[in-house]
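These notes concern the structure reproduced below.
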Amino acid sequence: MTGTRLDEDFTSSVHVYEPHRSGLPRLRPYVRELWRRREFITELSRSTMRAAHTNTVFGQLWLVLNPLLLAAVYYVLVTILRGGADDDAAERFVHLCAGLFAFYFFAGAMQTGASSVVGGGKLLLNLSFPRLLLPLSAVRTAFFRFLPTLIVYIPIHLAFGQPLNWEMSLGVAFLAMLTVFGAGMAMIFATLQVYFRDTASFLPYLVRIWLYLSPVLWFAEDAPDRFADWMIINPLFSLLGGWTDLLVRGEIPSASLWIAAAAWSLAAFIVGSLLFMSREREFVVRL
Amino acid sequence: MAANGSGGPAVRVEHVSVTYRTTFERTPTFKSAVVRLGRGERAVKVVKAVQDVSFDVDHGTTIGIIGANGAGKSTLMRTIAGILPPNEGRIEVHGRVSTLLALGVGFNAMLSGRENVVLGGLAAGLSRREIQERSEAIADFAELGEFIDMPMRTYSSGMFSRLAFSVAVHMEPDILLIDEALSAGDARFKQKAAAKMRELVTQARTMFLVSHAMNSVKDLCKDVIWMHKGRLMMRGAPGDVIDAYTKFLRVGEDAFTLEDL
């Protein structure tokens with residue numbers, strides 16, 4: 001070991017720290033540092049997932065069991081509320097599964113993202129790194145928890161006699177937009193959680209009501225007429241509506257749904273990342 | 001003073017002030033914010049942790065920082081590491097910094113020591129290969145044995161601090177910030193740690209050592225800074241500064257002026 005290092009990246013680095021009041025860091029170096037540490041995102045989410053399942057009997061199986069049980073519970077609930085009218089029971093169940101799995105992916109990203117910064121306390125106090133790594137890692141965790149349910153969806157889709165068609169593959173676009181939207185919400189709630197610790201206790205209720213307001217337990221066209229014009233205000237109406245339209249029915253959603261979904265996801269991501277980055281230098285003081 | 005000829009100081013601190021705005025409550029909640037708003041109270045209390053501190057540190061210097069609790073030593077360390085932004089002034093750091101601050105490594109107690117080391121290294125910007133190269137040396141030096149692969153919740157506090165020290169010194173930093181590290185572990189590990197630090201000094205690394213142990217400061221440092229209530233009181237040779245500091249502690253703040261020296 002010698003005193004000099006060959007690695008240019010580190011030895012030539014000069015850091016200058018100056019005050020910047022609630023302003024944004026310079027974006028290009030920030031993004032470059034973020035990209036350089038992308039392996040941290042993977043490693044953190046991997047080891048978190050490993051640690052989470054060491055103490056349960058079924059382990060990773062819960063990633064599939066949990067959404068399946070939820071789907072069954074909600075199906076019973078919906079059937080009872082409809083007074084036993086089962087005109088399109090199969091399609092209803094398949095739609096419920098597709099919507100619910102995607103919804104819980106989004107909710108997972110938002111909730112784990114919200115606690116990511118406060119949960120990473122010691123790391124934040126001891127190391128200087130782009131804090132955006134933490135919520136992004138939470139989104140990756142949520143995505144990899146969602147993947148097994150996506151695989152389980154295929155046999156469900158076939159078993160209930162729904163046709164396969166090429167339009168289903170377009171669902172990937174809506175999944176990508178949902179991920180971007182989830183990342184944006186994760187950043188927003190991670191920032192809020194630093195300032196108001198009850199955010200985490202409040203979130204489950206937001207998630208619950210958001211589920212009922214979104215076309216998961218009901219079909220998008222079931223929305224009462226007087227609310228129909230307002231539906232587009234709910235980002236998940238377009239994001240999940242487009243996703244289930246493609247995946248369950250193989251119908252290409254209308255242009256307005258595409259535009260709304262893209263606009264919502266971009267808006268959430270931009271607002272979330274700017275809010276997070278402008279506040280992240282204060283996080284250490286607030287922990 | 002041993003400068004390794006790279007030109008310019010390793011760390012330049014110019015008129016730096018750090019002001020904390022802390023909340024009264026232990027954990028900020030929405031309820032307390034509403035209650036406060038109702039009473040018309042301000043939530044924040046301004047703590048001036050570091051006030052107008054300036055100094056340069058050359059490459060290859062080991063500099064000790066002494067002072068009473070709450071003097072702003074740890075805050076200054078965090079500012080140099082880039083963790084805390086300064087409110088005023090400017091800090092220039094030439095080289096890669098590794099920190100050993102009060103809390104040590106291991107932010108997730110469910111993960112093993114090795115996993116925590118990897119995560120910390122990746123967050124610090126090392127590549128996976130670089131971490132793997134160091135991983136064995138870190139485990140060996142910390143003398144953790146098979147505990148390195150056990151969850152960190154099973155560690156004793158001595159094991160925690162041994163691992164933290166080992167990580168910090170094995171990151172091959174240009175600038176090493178150490179906050180109260182020599183209190184780590186038992187007497188034997190303390191000696192080992194001191195030896196390792198002396199080795200780093202001879203490799204012309206720049207080191208900041210925050211300590212209350214005046215003997216190790218005298219032993220390791222060529223230069224000492226004394227801080228009090230966020231201000232830089234004195235800088236100079238270890239013997240002089242430590243004498244002034246101990247005299248200050250004995251006679252108390254009121255009766256003391258620097259002119260007495």
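By convention in this document, the chains of the structure tokens carry letters A, B, ... by their order, each chain's residues are numbered from 1, and ligands are numbered from 1 in the order they are shown.
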Worksheet entry | Contacts of Ser156 of chain B at 12 Å (only C-alpha atoms; same-chain gap of 2+ positions) as a PyMOL selection string | chain B and resi 109+144+147+150-154+158-163+184-186
Fill in: Near-segment 55-57 of chain B list (10 Å; only C-alpha atoms; drop same-chain fewer than 4 positions) as a VMD selection string
chain B and resid 3 8 to 16 61 to 63 91 to 93 206 to 208 223 225 232 235
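Residue nearest Thr112 of chain A, chosen from A:Glu221, A:Ala268, A:Met177, A:Arg140 and counting only C-alpha atoms: A:Arg140.
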Worksheet item: For chain A, which residues have at least one atom within 8 Å of chain B, if we go by only C-alpha atoms? Write them as a VMD selection string, please.
Response: chain A and resid 2 to 3 10 to 21 33 36 to 37 39 to 40 43 to 44 47 to 48 51 120 to 129 195 to 198 281 to 282 284 to 286
Can you tell me, as a PDB file with N, CA and C atoms, in the first residue's frame, what residues are no more than 8 Å from segment 260-264 of chain A when counting only C-alpha atoms, ignoring any on the same chain fewer than 4 positions away?
ATOM      1  N   PHE A 174     -47.172   1.229 -19.557  1.00  0.00           N
ATOM      2  CA  PHE A 174     -47.872   1.752 -18.385  1.00  0.00           C
ATOM      3  C   PHE A 174     -47.171   1.348 -17.098  1.00  0.00           C
ATOM      4  N   MET A 177     -44.422   3.799 -16.651  1.00  0.00           N
ATOM      5  CA  MET A 177     -44.919   5.094 -16.170  1.00  0.00           C
ATOM      6  C   MET A 177     -45.325   5.007 -14.700  1.00  0.00           C
ATOM      7  N   PHE A 181     -43.874   7.224 -11.690  1.00  0.00           N
ATOM      8  CA  PHE A 181     -44.785   7.916 -10.776  1.00  0.00           C
ATOM      9  C   PHE A 181     -44.514   7.495  -9.328  1.00  0.00           C
ATOM     10  N   ILE A 232     -59.875  11.822 -14.090  1.00  0.00           N
ATOM     11  CA  ILE A 232     -58.546  12.028 -14.647  1.00  0.00           C
ATOM     12  C   ILE A 232     -57.626  12.742 -13.640  1.00  0.00           C
ATOM     13  N   PRO A 235     -54.216  10.323 -10.548  1.00  0.00           N
ATOM     14  CA  PRO A 235     -53.169   9.797 -11.443  1.00  0.00           C
ATOM     15  C   PRO A 235     -53.307   8.299 -11.674  1.00  0.00           C
ATOM     16  N   LEU A 236     -53.757   7.584 -10.632  1.00  0.00           N
ATOM     17  CA  LEU A 236     -53.836   6.133 -10.775  1.00  0.00           C
ATOM     18  C   LEU A 236     -54.990   5.715 -11.674  1.00  0.00           C
ATOM     19  N   SER A 238     -55.612   6.885 -14.685  1.00  0.00           N
ATOM     20  CA  SER A 238     -55.035   6.662 -16.013  1.00  0.00           C
ATOM     21  C   SER A 238     -53.955   5.579 -15.980  1.00  0.00           C
ATOM     22  N   LEU A 239     -53.124   5.597 -14.948  1.00  0.00           N
ATOM     23  CA  LEU A 239     -52.010   4.656 -14.905  1.00  0.00           C
ATOM     24  C   LEU A 239     -52.494   3.212 -14.761  1.00  0.00           C
ATOM     25  N   SER A 256     -56.192  10.047 -24.556  1.00  0.00           N
ATOM     26  CA  SER A 256     -56.235  10.894 -23.360  1.00  0.00           C
ATOM     27  C   SER A 256     -55.650  10.156 -22.149  1.00  0.00           C
ATOM     28  N   ALA A 268     -44.881  13.987 -11.266  1.00  0.00           N
ATOM     29  CA  ALA A 268     -44.539  13.474  -9.931  1.00  0.00           C
ATOM     30  C   ALA A 268     -43.029  13.308  -9.806  1.00  0.00           C
TER      31      ALA A 268
END
Item to complete: From a DSSP calculation on the backbone, collect every residue of segment 52-248 of chain B in strand (DSSP E or B) and output the set as a count of residues only.
Response: 46
Worksheet entry | Test item: residues at most 9 Å from Val117 of chain A, only C-alpha atoms, excluding those fewer than 2 positions along its chain, as JSON, numbers by chain | {"A": [113, 114, 115, 119, 120, 121, 124, 131, 132, 134, 135, 190, 191, 193, 194, 283]}
Next, write the just-selected residues to a file, as a PDB file, in the first residue's frame, keeping N, CA and C atoms as the atom set.
ATOM      1  N   GLY A 113     -40.328   3.842   0.307  1.00  0.00           N
ATOM      2  CA  GLY A 113     -39.600   5.061  -0.036  1.00  0.00           C
ATOM      3  C   GLY A 113     -39.731   6.111   1.050  1.00  0.00           C
ATOM      4  N   ALA A 114     -40.920   6.220   1.626  1.00  0.00           N
ATOM      5  CA  ALA A 114     -41.157   7.231   2.645  1.00  0.00           C
ATOM      6  C   ALA A 114     -40.245   7.037   3.846  1.00  0.00           C
ATOM      7  N   SER A 115     -40.012   5.784   4.233  1.00  0.00           N
ATOM      8  CA  SER A 115     -39.191   5.560   5.429  1.00  0.00           C
ATOM      9  C   SER A 115     -37.712   5.379   5.095  1.00  0.00           C
ATOM     10  N   GLY A 119     -34.935   5.864   7.911  1.00  0.00           N
ATOM     11  CA  GLY A 119     -34.386   4.555   8.267  1.00  0.00           C
ATOM     12  C   GLY A 119     -32.893   4.456   8.029  1.00  0.00           C
ATOM     13  N   GLY A 120     -32.371   5.250   7.118  1.00  0.00           N
ATOM     14  CA  GLY A 120     -30.938   5.192   6.817  1.00  0.00           C
ATOM     15  C   GLY A 120     -30.120   6.132   7.669  1.00  0.00           C
ATOM     16  N   GLY A 121     -30.661   6.509   8.827  1.00  0.00           N
ATOM     17  CA  GLY A 121     -30.070   7.528   9.688  1.00  0.00           C
ATOM     18  C   GLY A 121     -28.564   7.493   9.854  1.00  0.00           C
ATOM     19  N   LEU A 124     -26.531   8.260   6.803  1.00  0.00           N
ATOM     20  CA  LEU A 124     -26.601   9.674   6.454  1.00  0.00           C
ATOM     21  C   LEU A 124     -25.676  10.507   7.332  1.00  0.00           C
ATOM     22  N   ARG A 131     -28.313  11.648  -1.592  1.00  0.00           N
ATOM     23  CA  ARG A 131     -29.335  10.973  -0.784  1.00  0.00           C
ATOM     24  C   ARG A 131     -30.429  10.335  -1.615  1.00  0.00           C
ATOM     25  N   LEU A 132     -30.539  10.767  -2.851  1.00  0.00           N
ATOM     26  CA  LEU A 132     -31.573  10.240  -3.731  1.00  0.00           C
ATOM     27  C   LEU A 132     -31.424   8.725  -3.920  1.00  0.00           C
ATOM     28  N   LEU A 134     -31.385   6.560  -1.701  1.00  0.00           N
ATOM     29  CA  LEU A 134     -32.198   5.794  -0.747  1.00  0.00           C
ATOM     30  C   LEU A 134     -33.617   5.546  -1.249  1.00  0.00           C
ATOM     31  N   PRO A 135     -34.382   6.597  -1.648  1.00  0.00           N
ATOM     32  CA  PRO A 135     -35.715   6.298  -2.191  1.00  0.00           C
ATOM     33  C   PRO A 135     -35.666   5.486  -3.486  1.00  0.00           C
ATOM     34  N   ALA A 190     -40.624  10.666   1.218  1.00  0.00           N
ATOM     35  CA  ALA A 190     -39.374  10.540   1.975  1.00  0.00           C
ATOM     36  C   ALA A 190     -38.990  11.899   2.564  1.00  0.00           C
ATOM     37  N   THR A 191     -39.175  12.961   1.774  1.00  0.00           N
ATOM     38  CA  THR A 191     -38.862  14.303   2.265  1.00  0.00           C
ATOM     39  C   THR A 191     -39.814  14.696   3.387  1.00  0.00           C
ATOM     40  N   GLN A 193     -41.431  12.803   5.368  1.00  0.00           N
ATOM     41  CA  GLN A 193     -41.207  11.972   6.553  1.00  0.00           C
ATOM     42  C   GLN A 193     -40.107  12.545   7.442  1.00  0.00           C
ATOM     43  N   VAL A 194     -39.122  13.202   6.839  1.00  0.00           N
ATOM     44  CA  VAL A 194     -38.046  13.795   7.633  1.00  0.00           C
ATOM     45  C   VAL A 194     -38.603  14.925   8.500  1.00  0.00           C
ATOM     46  N   PHE A 283     -31.306  17.202   5.703  1.00  0.00           N
ATOM     47  CA  PHE A 283     -31.770  15.968   6.336  1.00  0.00           C
ATOM     48  C   PHE A 283     -30.961  15.609   7.569  1.00  0.00           C
TER      49      PHE A 283
END
Response to the item:
In terms of only C-alpha atoms, the residue from A:Leu133, A:Leu70, A:Leu96, A:Leu77 at minimal distance from Ser45 of chain A is A:Leu133
Fill in: All residues 9 Å or closer to Ser273 of chain A, only C-alpha atoms, same chain fewer than 2 positions away omitted, as number ranges by chain
A: 132, 183-184, 187-188, 268-271, 275-278
Discussion item. Which residues are close to Val216 of chain A, i.e. within 8 Å by only C-alpha atoms, leaving aside same-chain residues fewer than 3 positions away? Reply as a list in words.
Written reply: His95, Leu96, Gly99, Leu100, Phe103, Leu211, Tyr212, Phe219 and Leu240 of chain A
Could you turn the residues from that selection into a file that holds C-alpha atoms, as a short mmCIF file (atom, residue, chain, number, x, y, z; two decimals), in the first residue's frame?
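Final output, saved to again-v8.cif:
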data_model
loop_
_atom_site.label_atom_id
_atom_site.label_comp_id
_atom_site.auth_asym_id
_atom_site.auth_seq_id
_atom_site.Cartn_x
_atom_site.Cartn_y
_atom_site.Cartn_z
CA HIS A 95 -59.06 -7.53 -13.60
CA LEU A 96 -58.93 -7.36 -9.80
CA GLY A 99 -55.04 -3.99 -10.82
CA LEU A 100 -54.31 -5.02 -7.25
CA PHE A 103 -51.44 -1.06 -7.08
CA LEU A 211 -57.14 2.03 -3.73
CA TYR A 212 -60.90 2.56 -3.49
CA PHE A 219 -63.98 -1.22 -13.92
CA LEU A 240 -53.87 1.61 -13.58
#
Mind checking DSSP for segment 100-229 of chain B and telling me the alpha helix (DSSP H) residues as a CSV table (one decimal) with N, CA and C atoms, in the first residue's frame?
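Produced file out33.csv, reproduced below:
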chain,number,residue,atom,x,y,z
B,113,GLY,N,-22.1,-7.9,9.3
B,113,GLY,CA,-21.1,-6.9,9.3
B,113,GLY,C,-20.5,-6.7,7.9
B,114,ARG,N,-20.3,-7.8,7.2
B,114,ARG,CA,-19.8,-7.7,5.8
B,114,ARG,C,-20.7,-6.9,4.9
B,115,GLU,N,-22.0,-7.2,5.0
B,115,GLU,CA,-23.0,-6.5,4.1
B,115,GLU,C,-23.0,-5.0,4.4
B,116,ASN,N,-22.9,-4.7,5.7
B,116,ASN,CA,-22.8,-3.3,6.0
B,116,ASN,C,-21.6,-2.6,5.5
B,117,VAL,N,-20.5,-3.3,5.5
B,117,VAL,CA,-19.2,-2.8,5.0
B,117,VAL,C,-19.4,-2.5,3.5
B,118,VAL,N,-19.9,-3.5,2.8
B,118,VAL,CA,-20.1,-3.3,1.4
B,118,VAL,C,-21.0,-2.1,1.1
B,119,LEU,N,-22.1,-2.0,1.8
B,119,LEU,CA,-23.1,-0.9,1.6
B,119,LEU,C,-22.4,0.4,1.8
B,120,GLY,N,-21.7,0.5,2.9
B,120,GLY,CA,-21.0,1.8,3.2
B,120,GLY,C,-20.0,2.1,2.2
B,121,GLY,N,-19.3,1.1,1.7
B,121,GLY,CA,-18.3,1.4,0.7
B,121,GLY,C,-18.9,1.8,-0.6
B,122,LEU,N,-20.0,1.2,-1.0
B,122,LEU,CA,-20.7,1.6,-2.3
B,122,LEU,C,-21.2,3.0,-2.2
B,123,ALA,N,-21.8,3.3,-1.0
B,123,ALA,CA,-22.3,4.6,-0.8
B,123,ALA,C,-21.2,5.7,-0.9
B,128,ARG,N,-17.3,-2.3,-6.4
B,128,ARG,CA,-17.5,-3.5,-5.7
B,128,ARG,C,-16.1,-4.3,-5.6
B,129,ARG,N,-15.3,-4.2,-6.7
B,129,ARG,CA,-14.0,-4.8,-6.7
B,129,ARG,C,-13.1,-4.2,-5.6
B,130,GLU,N,-13.1,-2.9,-5.5
B,130,GLU,CA,-12.3,-2.2,-4.5
B,130,GLU,C,-12.7,-2.7,-3.1
B,131,ILE,N,-13.9,-2.8,-2.9
B,131,ILE,CA,-14.4,-3.2,-1.5
B,131,ILE,C,-14.0,-4.6,-1.2
B,132,GLN,N,-14.2,-5.5,-2.3
B,132,GLN,CA,-13.8,-6.9,-2.0
B,132,GLN,C,-12.3,-7.1,-1.7
B,133,GLU,N,-11.5,-6.3,-2.4
B,133,GLU,CA,-10.1,-6.3,-2.1
B,133,GLU,C,-9.8,-6.0,-0.7
B,134,ARG,N,-10.5,-5.1,-0.1
B,134,ARG,CA,-10.3,-4.6,1.3
B,134,ARG,C,-11.0,-5.5,2.3
B,135,SER,N,-12.0,-6.1,1.9
B,135,SER,CA,-13.0,-6.8,2.8
B,135,SER,C,-12.3,-7.7,3.8
B,136,GLU,N,-11.3,-8.6,3.3
B,136,GLU,CA,-10.7,-9.5,4.2
B,136,GLU,C,-9.8,-8.8,5.2
B,137,ALA,N,-9.1,-7.8,4.7
B,137,ALA,CA,-8.2,-7.0,5.6
B,137,ALA,C,-9.0,-6.3,6.7
B,138,ILE,N,-10.2,-5.8,6.3
B,138,ILE,CA,-11.0,-5.2,7.3
B,138,ILE,C,-11.5,-6.2,8.4
B,139,ALA,N,-11.9,-7.3,7.9
B,139,ALA,CA,-12.4,-8.3,8.9
B,139,ALA,C,-11.3,-8.8,9.8
B,140,ASP,N,-10.1,-9.0,9.2
B,140,ASP,CA,-9.0,-9.5,10.0
B,140,ASP,C,-8.6,-8.4,11.0
B,141,PHE,N,-8.5,-7.2,10.6
B,141,PHE,CA,-8.0,-6.2,11.5
B,141,PHE,C,-9.0,-6.0,12.7
B,142,ALA,N,-10.3,-6.1,12.4
B,142,ALA,CA,-11.3,-5.9,13.4
B,142,ALA,C,-11.4,-7.1,14.3
B,157,SER,N,-20.7,-3.8,21.8
B,157,SER,CA,-20.4,-2.4,21.4
B,157,SER,C,-18.9,-2.3,21.0
B,158,GLY,N,-18.1,-3.1,21.6
B,158,GLY,CA,-16.7,-3.2,21.3
B,158,GLY,C,-16.5,-3.6,19.8
B,159,MET,N,-17.2,-4.7,19.5
B,159,MET,CA,-17.1,-5.2,18.1
B,159,MET,C,-17.6,-4.1,17.1
B,160,PHE,N,-18.6,-3.4,17.4
B,160,PHE,CA,-19.1,-2.3,16.6
B,160,PHE,C,-18.0,-1.3,16.3
B,161,SER,N,-17.4,-0.9,17.4
B,161,SER,CA,-16.4,0.2,17.2
B,161,SER,C,-15.1,-0.3,16.5
B,162,ARG,N,-14.8,-1.6,16.8
B,162,ARG,CA,-13.6,-2.2,16.1
B,162,ARG,C,-13.8,-2.2,14.6
B,163,LEU,N,-15.0,-2.7,14.2
B,163,LEU,CA,-15.3,-2.8,12.8
B,163,LEU,C,-15.3,-1.4,12.2
B,164,ALA,N,-15.9,-0.4,12.9
B,164,ALA,CA,-15.9,1.0,12.3
B,164,ALA,C,-14.5,1.5,12.1
B,165,PHE,N,-13.7,1.3,13.1
B,165,PHE,CA,-12.3,1.8,13.0
B,165,PHE,C,-11.6,1.1,11.8
B,166,SER,N,-11.8,-0.2,11.7
B,166,SER,CA,-11.1,-1.0,10.7
B,166,SER,C,-11.6,-0.5,9.3
B,167,VAL,N,-12.9,-0.3,9.1
B,167,VAL,CA,-13.4,0.2,7.8
B,167,VAL,C,-12.7,1.5,7.5
B,168,ALA,N,-12.7,2.5,8.4
B,168,ALA,CA,-12.2,3.8,8.1
B,168,ALA,C,-10.7,3.8,7.7
B,169,VAL,N,-9.9,3.0,8.4
B,169,VAL,CA,-8.5,3.0,8.1
B,169,VAL,C,-8.1,2.2,6.8
B,170,HIS,N,-9.0,1.3,6.4
B,170,HIS,CA,-8.7,0.5,5.2
B,170,HIS,C,-9.3,1.1,3.9
B,187,ALA,N,-8.0,-2.5,25.8
B,187,ALA,CA,-6.6,-1.9,25.8
B,187,ALA,C,-5.8,-2.4,24.7
B,188,ARG,N,-5.9,-3.7,24.4
B,188,ARG,CA,-5.0,-4.3,23.4
B,188,ARG,C,-5.4,-3.7,22.0
B,189,PHE,N,-6.7,-3.6,21.7
B,189,PHE,CA,-7.1,-3.1,20.4
B,189,PHE,C,-6.7,-1.6,20.3
B,190,LYS,N,-6.8,-0.9,21.5
B,190,LYS,CA,-6.4,0.5,21.4
B,190,LYS,C,-4.9,0.7,21.0
B,191,GLN,N,-4.1,-0.2,21.5
B,191,GLN,CA,-2.7,-0.1,21.1
B,191,GLN,C,-2.5,-0.4,19.6
B,192,LYS,N,-3.3,-1.4,19.1
B,192,LYS,CA,-3.2,-1.8,17.7
B,192,LYS,C,-3.7,-0.7,16.9
B,193,ALA,N,-4.8,0.0,17.3
B,193,ALA,CA,-5.3,1.1,16.6
B,193,ALA,C,-4.4,2.3,16.5
B,194,ALA,N,-3.7,2.5,17.6
B,194,ALA,CA,-2.7,3.6,17.7
B,194,ALA,C,-1.6,3.3,16.7
B,195,ALA,N,-1.2,2.0,16.7
B,195,ALA,CA,-0.1,1.7,15.8
B,195,ALA,C,-0.4,1.9,14.4
B,196,LYS,N,-1.7,1.5,14.0
B,196,LYS,CA,-2.2,1.6,12.7
B,196,LYS,C,-2.2,3.1,12.3
B,197,MET,N,-2.6,3.9,13.2
B,197,MET,CA,-2.7,5.3,12.9
B,197,MET,C,-1.3,5.9,12.7
B,198,ARG,N,-0.4,5.5,13.5
B,198,ARG,CA,1.0,5.9,13.3
B,198,ARG,C,1.5,5.5,11.9
B,199,GLU,N,1.1,4.3,11.5
B,199,GLU,CA,1.5,3.8,10.2
B,199,GLU,C,1.0,4.8,9.1
B,200,LEU,N,-0.3,5.1,9.3
B,200,LEU,CA,-0.9,6.0,8.3
B,200,LEU,C,-0.2,7.4,8.3
B,201,VAL,N,0.2,7.8,9.4
B,201,VAL,CA,0.9,9.1,9.5
B,201,VAL,C,2.2,9.1,8.7
B,202,THR,N,2.9,8.0,8.8
B,202,THR,CA,4.1,7.9,8.1
B,202,THR,C,3.9,7.8,6.6
B,214,MET,N,-5.7,13.4,25.9
B,214,MET,CA,-4.6,14.3,25.6
B,214,MET,C,-3.3,13.6,25.3
B,215,ASN,N,-3.1,12.4,25.9
B,215,ASN,CA,-1.8,11.7,25.6
B,215,ASN,C,-1.8,11.2,24.2
B,216,SER,N,-2.9,10.7,23.7
B,216,SER,CA,-2.8,10.2,22.3
B,216,SER,C,-2.7,11.4,21.3
B,217,VAL,N,-3.3,12.5,21.7
B,217,VAL,CA,-3.2,13.7,20.8
B,217,VAL,C,-1.7,14.1,20.8
B,218,LYS,N,-1.1,14.2,22.0
B,218,LYS,CA,0.4,14.6,22.1
B,218,LYS,C,1.2,13.6,21.3
B,219,ASP,N,0.8,12.3,21.4
B,219,ASP,CA,1.6,11.3,20.8
B,219,ASP,C,1.5,11.3,19.2
B,220,LEU,N,0.4,11.5,18.7
B,220,LEU,CA,0.1,11.4,17.3
B,220,LEU,C,0.2,12.7,16.5
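Between His212 of chain B and the candidates B:Val53, B:Met77, B:Ala71, B:Val35, the tightest atom-to-atom separation, counting only C-alpha atoms, involves B:Ala71.
Atom to atom, atom CA of Arg26 of chain A and atom CA of Met110 of chain A stand 26.2 Å apart.
Take atom CA of Ile65 of chain B and atom CA of Tyr245 of chain B: the distance between them is 11.3 Å.
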